[in-house]
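S.K.: File coords-v8.csv below, CSV, C-alpha atoms:
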```csv
chain,number,residue,atom,x,y,z
A,77,MET,CA,26.6,63.2,87.4
A,78,ARG,CA,28.8,66.0,88.6
A,79,ALA,CA,31.5,63.5,89.4
A,80,HIS,CA,31.3,62.1,85.9
A,81,VAL,CA,31.9,65.6,84.4
A,82,LEU,CA,34.9,66.0,86.7
A,83,VAL,CA,36.4,62.7,85.6
A,84,VAL,CA,36.0,63.6,81.9
A,85,LEU,CA,37.5,67.1,82.5
A,86,ALA,CA,40.4,65.6,84.4
A,87,VAL,CA,41.1,63.2,81.5
A,88,GLY,CA,40.8,66.1,79.1
A,89,PHE,CA,43.3,68.2,81.1
A,90,ALA,CA,45.7,65.3,81.4
A,91,LEU,CA,45.7,64.8,77.6
A,92,ALA,CA,46.1,68.5,77.0
A,93,GLY,CA,49.1,68.6,79.3
A,94,ALA,CA,50.7,65.6,77.6
A,95,THR,CA,50.5,67.2,74.2
A,96,SER,CA,51.5,70.8,75.2
A,97,GLY,CA,55.1,69.7,75.9
A,98,VAL,CA,55.5,68.7,72.3
A,99,ALA,CA,54.4,72.0,70.9
A,100,ALA,CA,57.3,73.8,72.6
A,101,GLN,CA,60.0,72.4,70.3
A,102,GLU,CA,61.2,74.5,67.4
A,103,VAL,CA,61.9,71.8,64.9
A,104,PRO,CA,59.2,69.3,63.9
A,105,THR,CA,59.0,65.6,64.7
A,106,ILE,CA,59.4,63.8,61.4
A,107,PHE,CA,58.9,60.2,60.3
A,108,LEU,CA,60.4,57.7,57.8
A,109,TYR,CA,61.3,59.1,55.2
A,110,VAL,CA,59.6,62.0,53.3
A,111,ASN,CA,58.1,64.9,55.2
A,112,ASP,CA,56.5,67.7,53.3
A,113,LEU,CA,55.4,70.2,55.9
A,114,THR,CA,54.8,73.1,53.5
A,115,GLU,CA,51.5,74.9,53.1
A,116,PRO,CA,50.3,74.4,50.4
A,117,GLY,CA,52.1,71.1,49.9
A,118,ALA,CA,55.1,71.0,47.6
A,119,LEU,CA,54.8,67.3,46.5
A,120,LEU,CA,51.9,65.3,45.0
A,121,TYR,CA,51.2,61.9,46.5
A,122,ASP,CA,52.8,59.9,43.8
A,123,GLU,CA,55.9,62.2,43.9
A,124,TYR,CA,56.1,61.7,47.6
A,125,ALA,CA,55.8,57.9,47.1
A,126,ALA,CA,58.5,57.8,44.5
A,127,ILE,CA,61.1,59.6,46.8
A,128,GLU,CA,59.9,57.4,49.7
A,129,GLY,CA,60.6,54.3,47.5
A,130,ILE,CA,64.2,55.4,46.9
A,131,CYS,CA,64.8,56.0,50.7
A,132,TYR,CA,63.2,52.6,51.6
A,133,GLU,CA,65.5,50.8,49.1
A,134,VAL,CA,68.6,52.5,50.6
A,135,ASP,CA,67.5,51.6,54.1
A,136,LEU,CA,66.7,48.0,53.1
A,137,ARG,CA,70.1,47.5,51.5
A,138,THR,CA,72.4,49.4,53.8
A,139,SER,CA,70.4,50.3,56.9
A,140,ALA,CA,71.3,54.0,56.2
A,141,GLU,CA,68.3,56.4,56.6
A,142,ILE,CA,67.7,59.3,54.2
A,143,ALA,CA,65.2,61.8,55.6
A,144,VAL,CA,63.6,64.4,53.4
A,145,LEU,CA,62.1,67.5,55.0
A,146,ILE,CA,60.5,70.4,53.1
A,147,VAL,CA,59.4,73.4,55.1
A,148,ASN,CA,58.2,76.9,54.4
A,149,THR,CA,60.8,78.5,56.6
A,150,THR,CA,63.7,77.5,59.0
A,151,LEU,CA,63.6,80.9,60.7
A,152,PRO,CA,64.3,82.0,63.4
A,153,LEU,CA,67.0,79.3,63.7
A,154,GLY,CA,68.4,79.5,60.2
A,155,ILE,CA,69.0,76.5,58.0
A,156,ASP,CA,72.3,75.3,59.5
A,157,THR,CA,71.0,75.2,63.1
A,158,TYR,CA,67.5,74.0,62.0
A,159,ALA,CA,69.1,71.0,60.2
A,160,VAL,CA,71.3,70.0,63.1
A,161,GLU,CA,68.4,70.2,65.6
A,162,ALA,CA,66.0,68.4,63.3
A,163,PHE,CA,68.6,65.7,62.9
A,164,GLU,CA,69.2,65.5,66.7
A,165,VAL,CA,65.6,65.6,67.8
A,166,ASN,CA,64.5,62.9,65.3
A,167,GLY,CA,67.7,60.7,65.5
A,168,ILE,CA,68.1,60.2,61.8
A,169,GLY,CA,70.2,57.1,61.1
A,170,LYS,CA,70.6,54.0,63.2
A,171,GLU,CA,71.8,54.4,66.8
A,172,GLY,CA,75.5,53.8,67.1
A,173,LEU,CA,76.0,53.8,63.4
A,174,ASP,CA,74.9,57.4,62.9
A,175,ASN,CA,74.3,56.6,59.3
A,176,GLY,CA,71.6,59.2,58.5
A,177,VAL,CA,71.3,62.0,55.9
A,178,LEU,CA,68.8,64.8,56.1
A,179,ILE,CA,67.9,66.6,52.9
A,180,LEU,CA,66.3,69.9,54.0
A,181,VAL,CA,64.6,72.4,51.7
A,182,SER,CA,63.2,75.7,52.8
A,183,THR,CA,60.9,77.2,50.2
A,184,ASP,CA,60.6,80.8,51.5
A,185,GLU,CA,64.3,81.4,52.0
A,186,ARG,CA,65.0,79.4,48.8
A,187,GLN,CA,67.8,77.4,50.5
A,188,TRP,CA,68.7,73.8,50.9
A,189,ARG,CA,71.0,71.9,53.2
A,190,VAL,CA,72.1,68.3,53.2
A,191,GLU,CA,73.2,67.3,56.8
A,192,VAL,CA,75.3,64.2,57.0
A,193,GLY,CA,75.4,61.9,60.1
A,194,TYR,CA,78.8,61.1,61.7
A,195,GLY,CA,78.8,57.6,60.3
A,196,LEU,CA,78.5,58.7,56.6
A,197,GLU,CA,81.0,61.7,56.7
A,198,GLY,CA,83.7,59.4,55.2
A,199,ILE,CA,81.8,58.6,52.0
A,200,LEU,CA,79.7,61.8,51.8
A,201,ASN,CA,82.3,64.5,52.5
A,202,ASP,CA,81.2,68.2,52.3
A,203,GLY,CA,82.7,68.7,48.9
A,204,LYS,CA,80.8,65.7,47.4
A,205,VAL,CA,77.5,66.6,49.0
A,206,GLY,CA,77.9,70.2,47.8
A,207,THR,CA,78.6,69.0,44.3
A,208,ILE,CA,75.5,66.8,44.3
A,209,GLY,CA,73.3,69.6,45.7
A,210,ARG,CA,74.5,72.1,43.2
A,211,ALA,CA,74.0,69.6,40.3
A,212,THR,CA,70.5,68.5,41.4
A,213,LEU,CA,68.8,70.7,44.0
A,214,THR,CA,69.9,74.2,42.9
A,215,PRO,CA,68.8,74.0,39.2
A,216,SER,CA,65.5,72.1,39.7
A,217,LEU,CA,64.4,74.0,42.8
A,218,GLY,CA,65.4,77.2,41.0
A,219,ALA,CA,63.0,76.2,38.2
A,220,ASP,CA,60.3,75.4,40.9
A,221,ASP,CA,60.6,71.7,40.2
A,222,VAL,CA,60.8,70.6,43.9
A,223,TYR,CA,60.1,67.0,43.1
A,224,GLY,CA,62.7,66.7,40.4
A,225,GLY,CA,65.4,68.3,42.5
A,226,ILE,CA,64.7,66.3,45.6
A,227,ARG,CA,64.3,63.0,43.7
A,228,ASP,CA,67.6,63.5,41.9
A,229,ALA,CA,69.4,64.5,45.1
A,230,THR,CA,68.0,61.5,47.0
A,231,LEU,CA,68.9,59.2,44.1
A,232,ALA,CA,72.5,60.5,43.9
A,233,ILE,CA,73.1,60.4,47.6
A,234,GLY,CA,71.4,57.0,47.9
A,235,GLN,CA,73.6,55.7,45.1
A,236,GLU,CA,76.7,56.9,46.8
A,237,ILE,CA,75.6,55.1,50.0
A,238,VAL,CA,74.6,51.9,48.3
A,239,ASP,CA,77.9,51.8,46.3
A,240,ASN,CA,80.3,52.8,49.1
A,241,TYR,CA,78.8,52.3,52.5
A,242,ASP,CA,79.3,49.1,54.5
A,243,PRO,CA,77.4,49.0,57.8
A,244,GLY,CA,79.0,45.8,58.8
A,245,ALA,CA,76.6,43.1,60.0
A,246,ASP,CA,73.1,44.4,59.4
A,247,PRO,CA,70.9,43.4,62.4
A,248,TYR,CA,68.0,45.7,61.3
A,249,GLY,CA,66.2,43.8,58.6
A,250,GLU,CA,63.2,45.3,56.9
A,251,PRO,CA,62.5,48.9,57.7
A,252,GLN,CA,59.2,49.4,59.6
A,253,LEU,CA,57.3,52.2,57.9
A,254,PHE,CA,54.4,51.8,60.4
A,255,VAL,CA,54.7,50.7,64.0
A,256,VAL,CA,52.1,50.2,66.7
A,257,ASP,CA,51.8,53.4,68.8
A,258,TRP,CA,51.8,51.9,72.3
A,259,GLY,CA,51.4,55.4,73.7
A,260,ALA,CA,48.1,55.7,71.8
A,261,VAL,CA,47.1,52.2,72.9
A,262,ALA,CA,47.7,53.1,76.6
A,263,ILE,CA,45.7,56.4,76.3
A,264,ALA,CA,42.9,54.7,74.5
A,265,VAL,CA,42.6,51.9,77.0
A,266,GLY,CA,42.8,54.4,79.9
A,267,VAL,CA,40.1,56.6,78.3
A,268,PHE,CA,38.0,53.5,77.5
A,269,LEU,CA,38.2,52.2,81.1
A,270,VAL,CA,37.3,55.6,82.6
A,271,VAL,CA,34.4,56.1,80.2
A,272,ALA,CA,33.2,52.5,80.9
A,273,VAL,CA,33.1,53.2,84.6
A,274,VAL,CA,31.5,56.6,84.2
A,275,THR,CA,28.9,55.5,81.8
A,276,LYS,CA,28.3,52.2,83.6
A,277,GLY,CA,29.1,50.1,80.5
A,278,ARG,CA,27.7,52.3,77.7
A,279,ALA,CA,31.3,52.8,76.6
A,280,VAL,CA,30.7,50.8,73.4
A,281,LEU,CA,29.4,54.0,71.9
A,282,TRP,CA,32.9,55.4,72.2
A,283,ILE,CA,34.7,52.7,70.3
A,284,GLY,CA,34.5,54.6,67.0
A,285,ALA,CA,36.2,57.6,68.7
A,286,LEU,CA,39.3,55.7,69.9
A,287,LEU,CA,42.6,56.8,68.5
A,288,SER,CA,44.5,55.1,65.7
A,289,PHE,CA,46.9,52.5,67.0
A,290,TRP,CA,49.4,52.9,64.2
A,291,LYS,CA,51.8,55.7,63.5
A,292,ARG,CA,54.5,56.3,60.9
A,293,GLY,CA,57.8,54.7,61.8
A,294,SER,CA,60.5,56.8,63.4
A,295,PHE,CA,64.2,57.1,62.7
A,296,GLY,CA,66.7,54.9,64.5
A,297,GLY,CA,68.5,57.4,66.8
A,298,GLY,CA,71.6,58.5,64.8
A,299,ARG,CA,73.5,61.8,65.3
A,300,SER,CA,75.2,64.4,63.2
A,301,GLY,CA,77.8,67.0,63.9
A,302,GLY,CA,77.2,69.7,61.4
A,303,GLY,CA,78.8,68.0,58.4
A,304,GLY,CA,77.3,68.4,54.9
A,305,ALA,CA,76.7,71.4,52.6
A,306,ARG,CA,74.2,74.1,51.9
A,307,GLY,CA,73.2,76.1,48.9
A,308,ARG,CA,70.7,78.5,47.5
A,309,PHE,CA,68.3,78.3,44.5
B,113,MET,CA,76.0,39.1,127.3
B,114,ALA,CA,73.5,40.5,125.0
B,115,ILE,CA,72.4,44.2,125.3
B,116,LYS,CA,68.7,44.6,125.8
B,117,LEU,CA,67.1,47.4,124.0
B,118,SER,CA,63.8,48.9,124.7
B,119,PRO,CA,61.3,49.1,121.7
B,120,ARG,CA,61.6,52.9,121.7
B,121,THR,CA,65.4,52.8,121.5
B,122,LEU,CA,65.2,50.2,118.8
B,123,ILE,CA,62.9,52.4,116.7
B,124,VAL,CA,65.2,55.4,117.2
B,125,LEU,CA,68.2,53.3,116.2
B,126,VAL,CA,66.5,51.9,113.1
B,127,ALA,CA,65.4,55.5,112.1
B,128,VAL,CA,68.9,56.8,112.5
B,129,VAL,CA,70.3,53.9,110.4
B,130,VAL,CA,67.7,54.5,107.7
B,131,ILE,CA,68.4,58.2,107.7
B,132,ALA,CA,72.1,57.6,107.5
B,133,LEU,CA,71.6,55.1,104.6
B,134,VAL,CA,69.4,57.6,102.7
B,135,PHE,CA,72.0,60.3,103.3
B,136,VAL,CA,74.9,58.1,102.1
B,137,GLY,CA,72.8,57.0,99.1
B,138,TRP,CA,72.1,60.6,98.2
B,139,ILE,CA,75.8,61.5,98.4
B,140,ILE,CA,76.6,58.6,96.1
B,141,VAL,CA,73.9,59.5,93.6
B,142,ALA,CA,74.8,63.2,93.6
B,143,TYR,CA,78.5,62.5,93.3
B,144,ASN,CA,78.1,60.1,90.4
B,145,GLY,CA,75.7,62.5,88.7
B,146,LEU,CA,78.4,65.2,88.9
B,147,VAL,CA,81.1,62.9,87.7
B,148,ALA,CA,78.9,61.9,84.7
B,149,LYS,CA,78.2,65.5,83.8
B,150,GLN,CA,81.8,66.5,84.2
B,151,GLN,CA,82.9,63.6,81.9
B,152,THR,CA,80.2,64.5,79.3
B,153,ALA,CA,81.6,68.0,79.2
B,154,ALA,CA,85.2,66.7,78.9
B,155,ALA,CA,84.2,64.3,76.1
B,156,GLN,CA,82.4,67.2,74.3
B,157,TRP,CA,85.5,69.4,74.7
B,158,ALA,CA,87.5,66.6,73.0
B,159,GLN,CA,85.0,66.8,70.2
B,160,VAL,CA,85.5,70.6,69.9
B,161,GLU,CA,89.3,70.0,69.6
B,162,ASN,CA,88.7,67.4,67.0
B,163,VAL,CA,86.7,69.7,64.7
B,164,PHE,CA,89.3,72.5,65.2
B,165,GLN,CA,92.1,70.1,64.3
B,166,ARG,CA,90.0,69.1,61.2
B,167,LYS,CA,89.9,72.7,60.1
B,168,ILE,CA,93.7,73.1,60.7
B,169,ASP,CA,94.3,69.9,58.7
B,170,LEU,CA,92.4,71.3,55.8
B,171,ILE,CA,94.8,74.2,55.4
B,172,PRO,CA,97.7,72.5,53.5
B,173,SER,CA,95.3,71.2,50.8
B,174,LEU,CA,93.6,74.6,50.7
B,175,VAL,CA,96.8,76.4,50.2
B,176,ALA,CA,98.1,73.9,47.6
B,177,THR,CA,94.9,74.2,45.6
B,178,VAL,CA,94.4,78.0,45.6
B,179,THR,CA,98.1,78.8,45.0
B,180,GLN,CA,97.5,77.7,41.4
B,181,TYR,CA,95.1,80.6,40.9
B,182,GLN,CA,96.5,84.1,40.7
B,183,GLN,CA,93.3,85.7,42.0
B,184,PHE,CA,94.2,84.7,45.5
B,185,GLU,CA,96.7,87.0,47.2
B,186,ARG,CA,100.1,85.4,48.1
B,187,SER,CA,100.3,87.2,51.4
B,188,THR,CA,97.0,85.8,52.5
B,189,LEU,CA,98.2,82.3,51.8
B,190,GLU,CA,101.5,82.8,53.6
B,191,ASN,CA,99.6,84.2,56.6
B,192,ILE,CA,97.3,81.2,56.7
B,193,THR,CA,100.3,78.8,56.6
B,194,ALA,CA,102.0,80.8,59.4
B,195,PHE,CA,98.9,80.8,61.6
B,196,ARG,CA,98.6,77.1,61.1
B,197,SER,CA,102.1,76.5,62.5
B,198,GLN,CA,101.3,78.9,65.4
B,199,TRP,CA,98.1,77.0,66.2
B,200,GLN,CA,100.0,73.7,66.3
B,201,ASN,CA,102.6,75.2,68.6
B,202,ALA,CA,100.1,76.9,70.9
B,203,SER,CA,99.8,75.4,74.3
B,204,SER,CA,96.9,77.2,75.9
B,205,LEU,CA,93.3,77.3,75.0
B,206,GLN,CA,93.2,81.1,75.0
B,207,GLN,CA,96.1,81.2,72.5
B,208,ARG,CA,94.4,78.8,70.2
B,209,VAL,CA,91.1,80.7,70.3
B,210,ASN,CA,93.0,83.9,69.5
B,211,ILE,CA,94.9,82.3,66.6
B,212,SER,CA,91.8,80.8,65.3
B,213,ASN,CA,90.1,84.2,65.2
B,214,THR,CA,92.9,85.8,63.2
B,215,LEU,CA,93.0,82.8,61.0
B,216,ASN,CA,89.3,83.2,60.3
B,217,ALA,CA,89.9,86.8,59.1
B,218,GLN,CA,92.4,85.4,56.6
B,219,LEU,CA,90.0,82.6,55.5
B,220,TYR,CA,87.3,85.2,55.0
B,221,GLU,CA,89.7,87.0,52.5
B,222,ILE,CA,89.8,83.7,50.6
B,223,GLN,CA,86.0,83.5,50.7
B,224,LEU,CA,85.7,87.0,49.4
B,225,THR,CA,88.1,86.4,46.5
B,226,TYR,CA,86.2,83.2,45.7
B,227,GLU,CA,82.9,85.1,45.5
B,228,ALA,CA,84.4,88.0,43.6
B,229,TYR,CA,85.6,85.8,40.7
B,230,PRO,CA,82.9,83.8,39.0
B,231,GLU,CA,85.5,81.8,37.0
B,232,LEU,CA,86.8,80.3,40.3
B,233,GLN,CA,83.3,79.0,41.1
B,234,SER,CA,83.4,76.7,38.1
B,235,ILE,CA,86.6,75.0,39.2
B,236,THR,CA,85.5,71.8,41.0
B,237,ALA,CA,88.6,71.5,43.3
B,238,VAL,CA,88.2,75.1,44.6
B,239,VAL,CA,84.4,74.8,45.0
B,240,GLN,CA,84.8,71.6,47.0
B,241,LEU,CA,87.4,73.2,49.2
B,242,MET,CA,85.0,76.0,49.9
B,243,ASP,CA,82.4,73.4,50.9
B,244,GLU,CA,84.9,71.8,53.2
B,245,LEU,CA,85.8,75.1,54.8
B,246,ALA,CA,82.1,76.0,55.3
B,247,GLY,CA,81.5,72.5,56.7
B,248,SER,CA,84.4,72.9,59.1
B,249,GLU,CA,83.0,76.2,60.4
B,250,ASN,CA,79.6,74.6,60.9
B,251,ARG,CA,81.0,71.6,62.7
B,252,ILE,CA,82.9,74.0,65.1
B,253,THR,CA,79.7,75.9,65.7
B,254,VAL,CA,77.7,72.7,66.4
B,255,GLU,CA,80.3,71.1,68.7
B,256,ARG,CA,80.9,74.3,70.6
B,257,ALA,CA,77.2,74.7,71.2
B,258,ARG,CA,77.0,71.1,72.5
B,259,TYR,CA,80.1,71.7,74.8
B,260,ASN,CA,78.4,74.9,76.2
B,261,ASP,CA,75.2,72.9,76.8
B,262,ALA,CA,77.2,70.2,78.7
B,263,VAL,CA,78.9,72.9,80.7
B,264,ARG,CA,75.6,74.6,81.5
B,265,ALA,CA,74.1,71.3,82.7
B,266,TYR,CA,77.2,70.6,84.9
B,267,ASN,CA,77.5,74.2,86.3
B,268,THR,CA,73.7,74.3,87.1
B,269,GLN,CA,74.0,71.2,89.1
B,270,ILE,CA,77.1,72.2,91.1
B,271,LEU,CA,75.4,75.6,91.9
B,272,SER,CA,72.1,74.1,92.8
B,273,PHE,CA,71.1,73.2,96.4
B,274,PRO,CA,71.6,70.7,97.8
B,275,ASP,CA,74.1,69.4,95.3
B,276,LEU,CA,76.4,72.4,95.9
B,277,ILE,CA,77.3,70.8,99.3
B,278,ILE,CA,78.6,67.7,97.5
B,279,ALA,CA,80.3,69.8,94.8
B,280,GLY,CA,82.0,72.0,97.5
B,281,GLY,CA,83.0,69.0,99.6
B,282,PHE,CA,84.6,67.0,96.8
B,283,GLY,CA,86.1,70.0,95.0
B,284,PHE,CA,84.0,70.2,91.9
B,285,GLY,CA,84.7,73.6,90.3
B,286,GLU,CA,82.8,75.6,87.8
B,287,LEU,CA,83.7,74.9,84.1
B,288,GLU,CA,84.3,77.7,81.7
B,289,TYR,CA,82.1,78.3,78.7
B,290,PHE,CA,83.8,78.4,75.3
B,291,ASN,CA,83.2,81.9,73.9
B,292,PRO,CA,84.4,82.3,70.3
B,293,LEU,CA,85.4,85.9,71.0
B,294,PRO,CA,87.4,86.4,74.2
B,295,GLY,CA,85.5,88.7,76.6
B,296,GLY,CA,82.3,88.1,74.6
B,297,PRO,CA,79.0,87.2,76.1
```
Could you render the structure from this file as structure tokens?

M.R.:
Amino acid sequence: MRAHVLVVLAVGFALAGATSGVAAQEVPTIFLYVNDLTEPGALLYDEYAAIEGICYEVDLRTSAEIAVLIVNTTLPLGIDTYAVEAFEVNGIGKEGLDNGVLILVSTDERQWRVEVGYGLEGILNDGKVGTIGRATLTPSLGADDVYGGIRDATLAIGQEIVDNYDPGADPYGEPQLFVVDWGAVAIAVGVFLVVAVVTKGRAVLWIGALLSFWKRGSFGGGRSGGGGARGRF
Amino acid sequence: MAIKLSPRTLIVLVAVVVIALVFVGWIIVAYNGLVAKQQTAAAQWAQVENVFQRKIDLIPSLVATVTQYQQFERSTLENITAFRSQWQNASSLQQRVNISNTLNAQLYEIQLTYEAYPELQSITAVVQLMDELAGSENRITVERARYNDAVRAYNTQILSFPDLIIAGGFGFGELEYFNPLPGGP
């Protein structure tokens, strides 16, 4: 019995160790495409879905990835560094094409920043991005219409990309909003086997507690170099 | 005539060969690792130069645009043009960093003027130029930080044991960090 307890504890510590490394990073891991991390949330579900729909369409047509990230604060990094690091950590845009855009809104500091990947700097230069941001984000966010501002900015940026961006041959096909999380599968199978051995076959009781095998799709591994524009509202 | 080796001698010989192979393998891996890190830092330095050049290339259109508006001081614009030529003629990194710092002071004047006159903020060409200037500065900050990260990774390896033996033997020297202000931290 004591051995059983030890095995369960060991598995527990291993899982805790695996997750503690993630907690150290200063910018969040985000997924395709809209990420509202504010407390309380800034977007309703249908608002989130509407913006997500625009991003999906842009990705489908051009392979360019528009990420939306809404946070309460970007401190202590500040919005410029936060945007670059969030872009870098999450790899927004396809690897090699670097065709990503990050629309970042910080509600407490009342600031926005649009960070443009290397591959889109030609069609979304700083001046153009600044103009789009001041025309869409600044007035709407200033009037506390987070959804309206982000929707209009996403639409304007997406339209620029669809009209002007040519990714060359597109080998990417349909964007995968949900992918099988093989890490979760491996952990679940491992836990299942350990528990099956420990409980001598009564593991069936644990099936309901197994982790979800699906996670939201990630970005493609693109990079940015600080291009884009920022503003206040 | 074949040489007969006792089993013990054979074991010692095999052990020596294995140790020698491991040693040579380690030298190859460590050497290649150092070369890779050195090349990463060099490539990142090229990127820093690119973004500096981008900022310098922005100056003619900046001057051409803001000359049309009397709010901007003539002397500031003349200084900026002069610093651009100096930057292009500068040969050493230190010279370029110094010129870039004095150029920034002048560009800051332009920024102050822009913020002091709201009517300038409604002129699209001027507003977009200010976005480009801010973008250039941000790019320099980003690429400089990445260069310094690459230098840190390289320097850490050449100063760490046992890689410092390889670094010393093959003449890998420490790389300098890029400090925006000479003598700064």

S.K.: Would you kindly return, as a list in words, each protein, DNA or RNA residue with an atom no farther than 7 Å from any atom of Asn175 (chain A), considering all atoms listed in the file and excluding same-chain residues fewer than 4 positions away?

M.R.: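 Non-adjacent residues within range: Ala140, Glu141, Gly169, Lys170, Gly193, Tyr194, Gly195, Leu196 and Gly298 of chain A.
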
S.K.: What's the 6 Å shell around region 146-160 of chain B, counting only C-alpha atoms, without same-chain residues fewer than 2 positions away, as a PDB file with C-alpha atoms, keeping the file's coordinate frame?

M.R.:
```pdb
ATOM      1  CA  TYR B 143      78.500  62.500  93.300  1.00  0.00           C
ATOM      2  CA  ASN B 144      78.100  60.100  90.400  1.00  0.00           C
ATOM      3  CA  ASN B 162      88.700  67.400  67.000  1.00  0.00           C
ATOM      4  CA  VAL B 163      86.700  69.700  64.700  1.00  0.00           C
ATOM      5  CA  GLU B 255      80.300  71.100  68.700  1.00  0.00           C
ATOM      6  CA  ARG B 256      80.900  74.300  70.600  1.00  0.00           C
ATOM      7  CA  TYR B 259      80.100  71.700  74.800  1.00  0.00           C
ATOM      8  CA  ALA B 262      77.200  70.200  78.700  1.00  0.00           C
ATOM      9  CA  VAL B 263      78.900  72.900  80.700  1.00  0.00           C
ATOM     10  CA  TYR B 266      77.200  70.600  84.900  1.00  0.00           C
TER      11      TYR B 266
END
```

S.K.: CA of Gly218 (chain A) to CA of Phe309 (chain A): how many Å, to one decimal?

M.R.: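 These two atoms are separated by 4.7 Å.
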
S.K.: One decimal, in Å: what's the spacing between CA of Gln218 (chain B) and CA of Gly209 (chain A)?

M.R.: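 So the answer is 27.1 Å.
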
S.K.: Work out how far apart CA of Gly304 (chain A) and CA of Gly225 (chain A) are and give it in Å to one decimal.

M.R.: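 About the pair CA of Gly304 (chain A) and CA of Gly225 (chain A): they are 17.2 Å apart.
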
S.K.: Skip Thr138 (chain A) itself and residues of its chain fewer than 2 positions away, then list as a ChimeraX atom specification all residues within 9 Å of it, counting all atoms listed in the file.

M.R.: /A:133-136,140-141,237-238,241-243,246

S.K.: Identify every residue of chain B that has at least one atom within 6 Å of any atom of chain A, counting all atoms listed in the file, and report the result as a PDB file with C-alpha atoms, in the frame of the given file.

M.R.:
```
ATOM      1  CA  GLN B 240      84.800  71.600  47.000  1.00  0.00           C
ATOM      2  CA  ASP B 243      82.400  73.400  50.900  1.00  0.00           C
ATOM      3  CA  GLU B 244      84.900  71.800  53.200  1.00  0.00           C
ATOM      4  CA  GLY B 247      81.500  72.500  56.700  1.00  0.00           C
ATOM      5  CA  ASN B 250      79.600  74.600  60.900  1.00  0.00           C
ATOM      6  CA  ARG B 251      81.000  71.600  62.700  1.00  0.00           C
ATOM      7  CA  VAL B 254      77.700  72.700  66.400  1.00  0.00           C
TER       8      VAL B 254
END
```
